[in-house]
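J.: Sharing a structure with you now.
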Amino acid sequence: NAGVTQTPKFQVLKTGQSMTLQCAQDMNHEYMSWYRQDPGMGLRLIHYSVGAGITDQGEVPNGYNVSRSTTEDFPLRLLSAAPSQTSVYFCASSYDPYDYGYTFGSGTRLTVV
Amino acid sequence: AQTVTQSQPEMSVQEAETVTLSCTYDTSESDYYLFWYKQPPSRQMILVIRQEAYKQQNATENRFSVNFQKAAKSFSLKISDSQLGDAAMYFCAYRSARTSGSRLTFGEGTQLTVNP
């Protein structure tokens, strides 16, 4: 049981480049989400999904796209990277909307130069 | 919108001593969940403890306990018998019981140092 797997762990992009951060879970969790972590700001929700085919915006969605074609995978796409998107990105999943225990991936540290 | 505030950017404690991390939140809802997460240098987010707003009894997990004051909208974390492995960033988080999805609202975090 691998839990939540995020790839890559580190990435450097040039301004304007696009890329996809991968997130996969093997726990059959319906609920998945993406957060970004910035110093002094905690974690902020980017996008989330309540099941395959269903996604919605969080607090800071601009510049990011998501899709959920399967229960297992929830990729995050940066359309045109900007230095303001330099951050640590976390994917999280949970089984029940009222559960207690979100499983987080180990994070992706992204630097945009 | 809900907000979560951690007013202590940094805290330190001597090994084997007790430390309390503060968290306040703002919400107009009556049913919600509160969490404390630990983030060690490995960056992994680890759930420490959880509290349901409708429960008056404070949650406890081994050396970790909370002081939940619903009227004051306060949710502090007490770590007893601190150990070197407790050194980490600690985040307080709020989740509405009414909205679906994995929508957590986090505080800014408190960096805890444990001195030997």
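As shown in the structure tokens, the chain order sets the letters A, B, ...; within each chain, residues go from 1, and ligands are also counted from 1 in the order they appear.
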Lys14 (chain A): which residues within 9 Å, counting only C-alpha atoms, same-chain residues fewer than 6 positions away excluded, as a list of chain:residue names?
T.: A:Ala81, A:Ala82, A:Pro83, A:Thr111, A:Val112, A:Val113
J.: Residues near Val66 (chain A), anyone? I mean within 9 Å using only C-alpha atoms, not counting same-chain ones fewer than 6 positions away, as a list of chain:residue names.
T.: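 The filter keeps A:His47, A:Tyr48, A:Ser49, A:Thr55, A:Asp56, A:Phe74, A:Pro75, A:Leu76, A:Arg77.
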J.: Write the residues of the preceding selection, restricted to N, CA and C atoms, as a compact mmCIF listing (two decimals), in the first residue's frame.
T.:
```txt
# COMPACT_ATOMS: atom_id res chain seq x y z
N HIS A 47 -7.16 23.18 -6.06
CA HIS A 47 -8.30 22.51 -6.68
C HIS A 47 -8.61 21.25 -5.88
N TYR A 48 -9.83 20.78 -6.01
CA TYR A 48 -10.17 19.54 -5.36
C TYR A 48 -11.16 18.74 -6.22
N SER A 49 -11.31 17.48 -5.86
CA SER A 49 -12.21 16.59 -6.60
C SER A 49 -12.95 15.69 -5.62
N THR A 55 -14.51 18.01 -10.55
CA THR A 55 -13.47 18.84 -9.94
C THR A 55 -14.06 20.22 -9.64
N ASP A 56 -13.39 20.94 -8.75
CA ASP A 56 -13.84 22.29 -8.43
C ASP A 56 -12.65 23.10 -7.94
N PHE A 74 -4.93 12.24 -10.00
CA PHE A 74 -5.42 13.62 -9.95
C PHE A 74 -4.24 14.54 -10.30
N PRO A 75 -3.92 14.68 -11.57
CA PRO A 75 -2.79 15.51 -11.96
C PRO A 75 -3.09 17.00 -11.89
N LEU A 76 -2.06 17.77 -11.60
CA LEU A 76 -2.16 19.24 -11.55
C LEU A 76 -1.30 19.80 -12.67
N ARG A 77 -1.91 20.61 -13.52
CA ARG A 77 -1.19 21.18 -14.67
C ARG A 77 -0.93 22.66 -14.47
```
J.: Wanna dump the chain A-chain B contacts at 12 Å for me, each residue with its shortest atom pair and the distance in Å to one decimal, counting only C-alpha atoms, ordered by chain and number, as JSON lines?
T.:
```
{"residue": "A:Val4", "atom": "CA", "partner": "B:Gln44", "partner_atom": "CA", "distance": 10.9}
{"residue": "A:Thr5", "atom": "CA", "partner": "B:Gln44", "partner_atom": "CA", "distance": 11.6}
{"residue": "A:Gln6", "atom": "CA", "partner": "B:Gln44", "partner_atom": "CA", "distance": 11.5}
{"residue": "A:Lys9", "atom": "CA", "partner": "B:Arg43", "partner_atom": "CA", "distance": 10.8}
{"residue": "A:His29", "atom": "CA", "partner": "B:Ser102", "partner_atom": "CA", "distance": 10.6}
{"residue": "A:Glu30", "atom": "CA", "partner": "B:Gly101", "partner_atom": "CA", "distance": 8.6}
{"residue": "A:Tyr31", "atom": "CA", "partner": "B:Gly101", "partner_atom": "CA", "distance": 5.6}
{"residue": "A:Met32", "atom": "CA", "partner": "B:Ser102", "partner_atom": "CA", "distance": 6.3}
{"residue": "A:Ser33", "atom": "CA", "partner": "B:Ser102", "partner_atom": "CA", "distance": 6.1}
{"residue": "A:Trp34", "atom": "CA", "partner": "B:Ser102", "partner_atom": "CA", "distance": 9.1}
{"residue": "A:Tyr35", "atom": "CA", "partner": "B:Leu104", "partner_atom": "CA", "distance": 9.3}
{"residue": "A:Arg36", "atom": "CA", "partner": "B:Phe106", "partner_atom": "CA", "distance": 11.0}
{"residue": "A:Gln37", "atom": "CA", "partner": "B:Glu108", "partner_atom": "CA", "distance": 9.6}
{"residue": "A:Asp38", "atom": "CA", "partner": "B:Glu108", "partner_atom": "CA", "distance": 9.1}
{"residue": "A:Pro39", "atom": "CA", "partner": "B:Glu108", "partner_atom": "CA", "distance": 8.0}
{"residue": "A:Gly40", "atom": "CA", "partner": "B:Glu108", "partner_atom": "CA", "distance": 5.2}
{"residue": "A:Met41", "atom": "CA", "partner": "B:Glu108", "partner_atom": "CA", "distance": 4.6}
{"residue": "A:Gly42", "atom": "CA", "partner": "B:Glu108", "partner_atom": "CA", "distance": 4.1}
{"residue": "A:Leu43", "atom": "CA", "partner": "B:Phe106", "partner_atom": "CA", "distance": 5.7}
{"residue": "A:Arg44", "atom": "CA", "partner": "B:Thr105", "partner_atom": "CA", "distance": 7.0}
{"residue": "A:Leu45", "atom": "CA", "partner": "B:Arg103", "partner_atom": "CA", "distance": 7.0}
{"residue": "A:Ile46", "atom": "CA", "partner": "B:Arg103", "partner_atom": "CA", "distance": 9.8}
{"residue": "A:His47", "atom": "CA", "partner": "B:Arg103", "partner_atom": "CA", "distance": 9.1}
{"residue": "A:Tyr48", "atom": "CA", "partner": "B:Ser102", "partner_atom": "CA", "distance": 6.7}
{"residue": "A:Ser49", "atom": "CA", "partner": "B:Gly101", "partner_atom": "CA", "distance": 6.5}
{"residue": "A:Val50", "atom": "CA", "partner": "B:Gly101", "partner_atom": "CA", "distance": 5.2}
{"residue": "A:Gly51", "atom": "CA", "partner": "B:Gly101", "partner_atom": "CA", "distance": 8.9}
{"residue": "A:Ile54", "atom": "CA", "partner": "B:Gly101", "partner_atom": "CA", "distance": 10.4}
{"residue": "A:Thr55", "atom": "CA", "partner": "B:Gly101", "partner_atom": "CA", "distance": 9.5}
{"residue": "A:Asp56", "atom": "CA", "partner": "B:Gly101", "partner_atom": "CA", "distance": 9.3}
{"residue": "A:Gln57", "atom": "CA", "partner": "B:Arg103", "partner_atom": "CA", "distance": 10.3}
{"residue": "A:Gly58", "atom": "CA", "partner": "B:Arg103", "partner_atom": "CA", "distance": 7.8}
{"residue": "A:Glu59", "atom": "CA", "partner": "B:Thr105", "partner_atom": "CA", "distance": 9.4}
{"residue": "A:Val88", "atom": "CA", "partner": "B:Arg43", "partner_atom": "CA", "distance": 9.3}
{"residue": "A:Tyr89", "atom": "CA", "partner": "B:Arg43", "partner_atom": "CA", "distance": 10.5}
{"residue": "A:Phe90", "atom": "CA", "partner": "B:Met45", "partner_atom": "CA", "distance": 9.0}
{"residue": "A:Cys91", "atom": "CA", "partner": "B:Ser102", "partner_atom": "CA", "distance": 10.3}
{"residue": "A:Ala92", "atom": "CA", "partner": "B:Ser102", "partner_atom": "CA", "distance": 7.7}
{"residue": "A:Ser93", "atom": "CA", "partner": "B:Ser102", "partner_atom": "CA", "distance": 7.0}
{"residue": "A:Ser94", "atom": "CA", "partner": "B:Ser102", "partner_atom": "CA", "distance": 6.8}
{"residue": "A:Tyr95", "atom": "CA", "partner": "B:Ser102", "partner_atom": "CA", "distance": 9.4}
{"residue": "A:Asp96", "atom": "CA", "partner": "B:Gly101", "partner_atom": "CA", "distance": 8.4}
{"residue": "A:Pro97", "atom": "CA", "partner": "B:Ser100", "partner_atom": "CA", "distance": 5.5}
{"residue": "A:Tyr98", "atom": "CA", "partner": "B:Ala97", "partner_atom": "CA", "distance": 6.4}
{"residue": "A:Asp99", "atom": "CA", "partner": "B:Tyr33", "partner_atom": "CA", "distance": 9.2}
{"residue": "A:Tyr100", "atom": "CA", "partner": "B:Arg50", "partner_atom": "CA", "distance": 6.7}
{"residue": "A:Gly101", "atom": "CA", "partner": "B:Leu47", "partner_atom": "CA", "distance": 6.5}
{"residue": "A:Tyr102", "atom": "CA", "partner": "B:Leu47", "partner_atom": "CA", "distance": 7.6}
{"residue": "A:Thr103", "atom": "CA", "partner": "B:Met45", "partner_atom": "CA", "distance": 7.9}
{"residue": "A:Phe104", "atom": "CA", "partner": "B:Met45", "partner_atom": "CA", "distance": 6.0}
{"residue": "A:Gly105", "atom": "CA", "partner": "B:Gln44", "partner_atom": "CA", "distance": 7.0}
{"residue": "A:Ser106", "atom": "CA", "partner": "B:Gln44", "partner_atom": "CA", "distance": 5.0}
{"residue": "A:Gly107", "atom": "CA", "partner": "B:Arg43", "partner_atom": "CA", "distance": 6.9}
{"residue": "A:Thr108", "atom": "CA", "partner": "B:Arg43", "partner_atom": "CA", "distance": 9.6}
{"residue": "A:Arg109", "atom": "CA", "partner": "B:Arg43", "partner_atom": "CA", "distance": 10.0}
```
J.: Please write the residues from the selection above to a file, keeping C-alpha atoms, as a compact mmCIF listing (two decimals), in the first residue's frame.
T.:
```
# COMPACT_ATOMS: atom_id res chain seq x y z
CA VAL A 4 -0.39 8.99 -1.98
CA THR A 5 2.45 9.18 -4.47
CA GLN A 6 3.59 12.47 -5.92
CA LYS A 9 9.83 15.47 -5.85
CA HIS A 29 -10.27 7.44 -1.97
CA GLU A 30 -12.97 9.47 -3.65
CA TYR A 31 -11.77 12.83 -2.40
CA MET A 32 -8.52 14.33 -3.65
CA SER A 33 -7.09 17.81 -3.51
CA TRP A 34 -4.05 19.94 -4.27
CA TYR A 35 -2.50 22.45 -1.88
CA ARG A 36 0.42 24.78 -2.16
CA GLN A 37 2.61 25.67 0.80
CA ASP A 38 4.32 29.02 1.03
CA PRO A 39 6.34 30.38 3.97
CA GLY A 40 4.18 32.13 6.54
CA MET A 41 0.95 31.20 4.76
CA GLY A 42 0.33 27.60 5.65
CA LEU A 43 -1.24 25.42 2.98
CA ARG A 44 -3.79 26.83 0.55
CA LEU A 45 -6.24 24.82 -1.51
CA ILE A 46 -5.79 25.01 -5.29
CA HIS A 47 -8.30 22.51 -6.68
CA TYR A 48 -10.17 19.54 -5.36
CA SER A 49 -12.21 16.59 -6.60
CA VAL A 50 -15.03 14.64 -4.99
CA GLY A 51 -14.85 11.76 -7.45
CA ILE A 54 -15.81 15.99 -10.80
CA THR A 55 -13.47 18.84 -9.94
CA ASP A 56 -13.84 22.29 -8.43
CA GLN A 57 -11.75 25.33 -7.60
CA GLY A 58 -10.24 26.06 -4.24
CA GLU A 59 -8.80 29.24 -2.81
CA VAL A 88 5.83 23.26 -2.41
CA TYR A 89 2.81 21.39 -3.72
CA PHE A 90 0.95 18.72 -1.78
CA CYS A 91 -1.65 16.28 -2.95
CA ALA A 92 -4.04 14.85 -0.35
CA SER A 93 -6.78 12.25 -0.39
CA SER A 94 -9.55 11.02 1.86
CA TYR A 95 -12.26 8.36 1.75
CA ASP A 96 -15.18 10.08 3.40
CA PRO A 97 -16.19 13.76 3.41
CA TYR A 98 -16.65 13.61 7.16
CA ASP A 99 -13.65 11.53 7.98
CA TYR A 100 -10.70 12.62 9.94
CA GLY A 101 -7.43 11.84 8.37
CA TYR A 102 -6.33 13.21 5.10
CA THR A 103 -3.43 11.30 3.66
CA PHE A 104 -0.85 13.61 2.14
CA GLY A 105 1.80 12.92 -0.42
CA SER A 106 5.40 13.85 0.29
CA GLY A 107 5.23 17.04 -1.77
CA THR A 108 6.80 18.50 -4.89
CA ARG A 109 9.17 21.42 -4.54
```
J.: In Å, rounded to a single decimal, give me how far CA of Leu79 (chain A) is from CA of Gly63 (chain A).
T.: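 Separating CA of Gly63 (chain A) from CA of Leu79 (chain A) is a distance of 6.1 Å.
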J.: What residues in chain A get the DSSP label strand (DSSP E or B)? Please answer as a PyMOL selection string.
T.: chain A and resi 4-7+10-13+19-25+31-38+42-51+54-57+64-66+73+76-78+87-94+103-104+108-112
J.: Which residues are near Gly3 (chain A)? Cut-off 7 Å, only C-alpha atoms, ignore same chain within fewer than 2 positions. Put them as a PyMOL selection string.
T.: chain A and resi 1+5+25-27
J.: Keeping only all heavy atoms, write those residues as a CSV table (one decimal), in the first residue's frame.
T.:
```
chain,number,residue,atom,x,y,z
A,1,ASN,N,0.8,-1.2,0.0
A,1,ASN,CA,0.0,0.0,0.0
A,1,ASN,C,0.9,1.2,0.0
A,1,ASN,O,1.5,1.6,1.0
A,1,ASN,CB,-0.9,0.0,1.2
A,1,ASN,CG,-2.0,1.0,1.1
A,1,ASN,OD1,-1.8,2.0,0.4
A,1,ASN,ND2,-3.0,0.8,1.9
A,5,THR,N,1.1,9.0,-3.8
A,5,THR,CA,2.4,9.2,-4.5
A,5,THR,C,2.5,10.4,-5.3
A,5,THR,O,1.6,10.5,-6.2
A,5,THR,CB,2.8,7.9,-5.3
A,5,THR,OG1,2.7,6.8,-4.5
A,5,THR,CG2,4.1,8.1,-5.9
A,25,GLN,N,-3.1,7.7,-5.9
A,25,GLN,CA,-3.4,7.1,-4.6
A,25,GLN,C,-4.0,5.7,-4.9
A,25,GLN,O,-4.7,5.5,-5.8
A,25,GLN,CB,-4.3,7.9,-3.7
A,25,GLN,CG,-5.6,8.4,-4.3
A,25,GLN,CD,-6.7,7.5,-4.2
A,25,GLN,OE1,-6.7,6.5,-3.4
A,25,GLN,NE2,-7.9,7.8,-4.8
A,26,ASP,N,-3.7,4.8,-4.0
A,26,ASP,CA,-4.1,3.4,-4.2
A,26,ASP,C,-5.0,2.9,-3.1
A,26,ASP,O,-5.1,1.7,-2.7
A,26,ASP,CB,-2.9,2.4,-4.3
A,26,ASP,CG,-2.0,2.5,-3.1
A,26,ASP,OD1,-2.3,3.3,-2.1
A,26,ASP,OD2,-1.0,1.7,-3.0
A,27,MET,N,-5.7,3.9,-2.4
A,27,MET,CA,-6.6,3.6,-1.3
A,27,MET,C,-8.0,3.7,-1.7
A,27,MET,O,-8.9,3.6,-0.8
A,27,MET,CB,-6.2,4.6,-0.2
A,27,MET,CG,-4.8,4.4,0.3
A,27,MET,SD,-4.3,5.7,1.5
A,27,MET,CE,-4.1,7.1,0.3
```
J.: Take CA of Leu21 (chain A) and CA of Gly53 (chain A) and report the distance between them in Å, one decimal.
T.: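 Here the two named atoms are 18.2 Å from each other.
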J.: Just to confirm, what's the straight-line distance from CA of Ser74 (chain B) to CA of Asn58 (chain B) in Å (one decimal)?
T.: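 Separation of CA of Ser74 (chain B) and CA of Asn58 (chain B): 11.9 Å.
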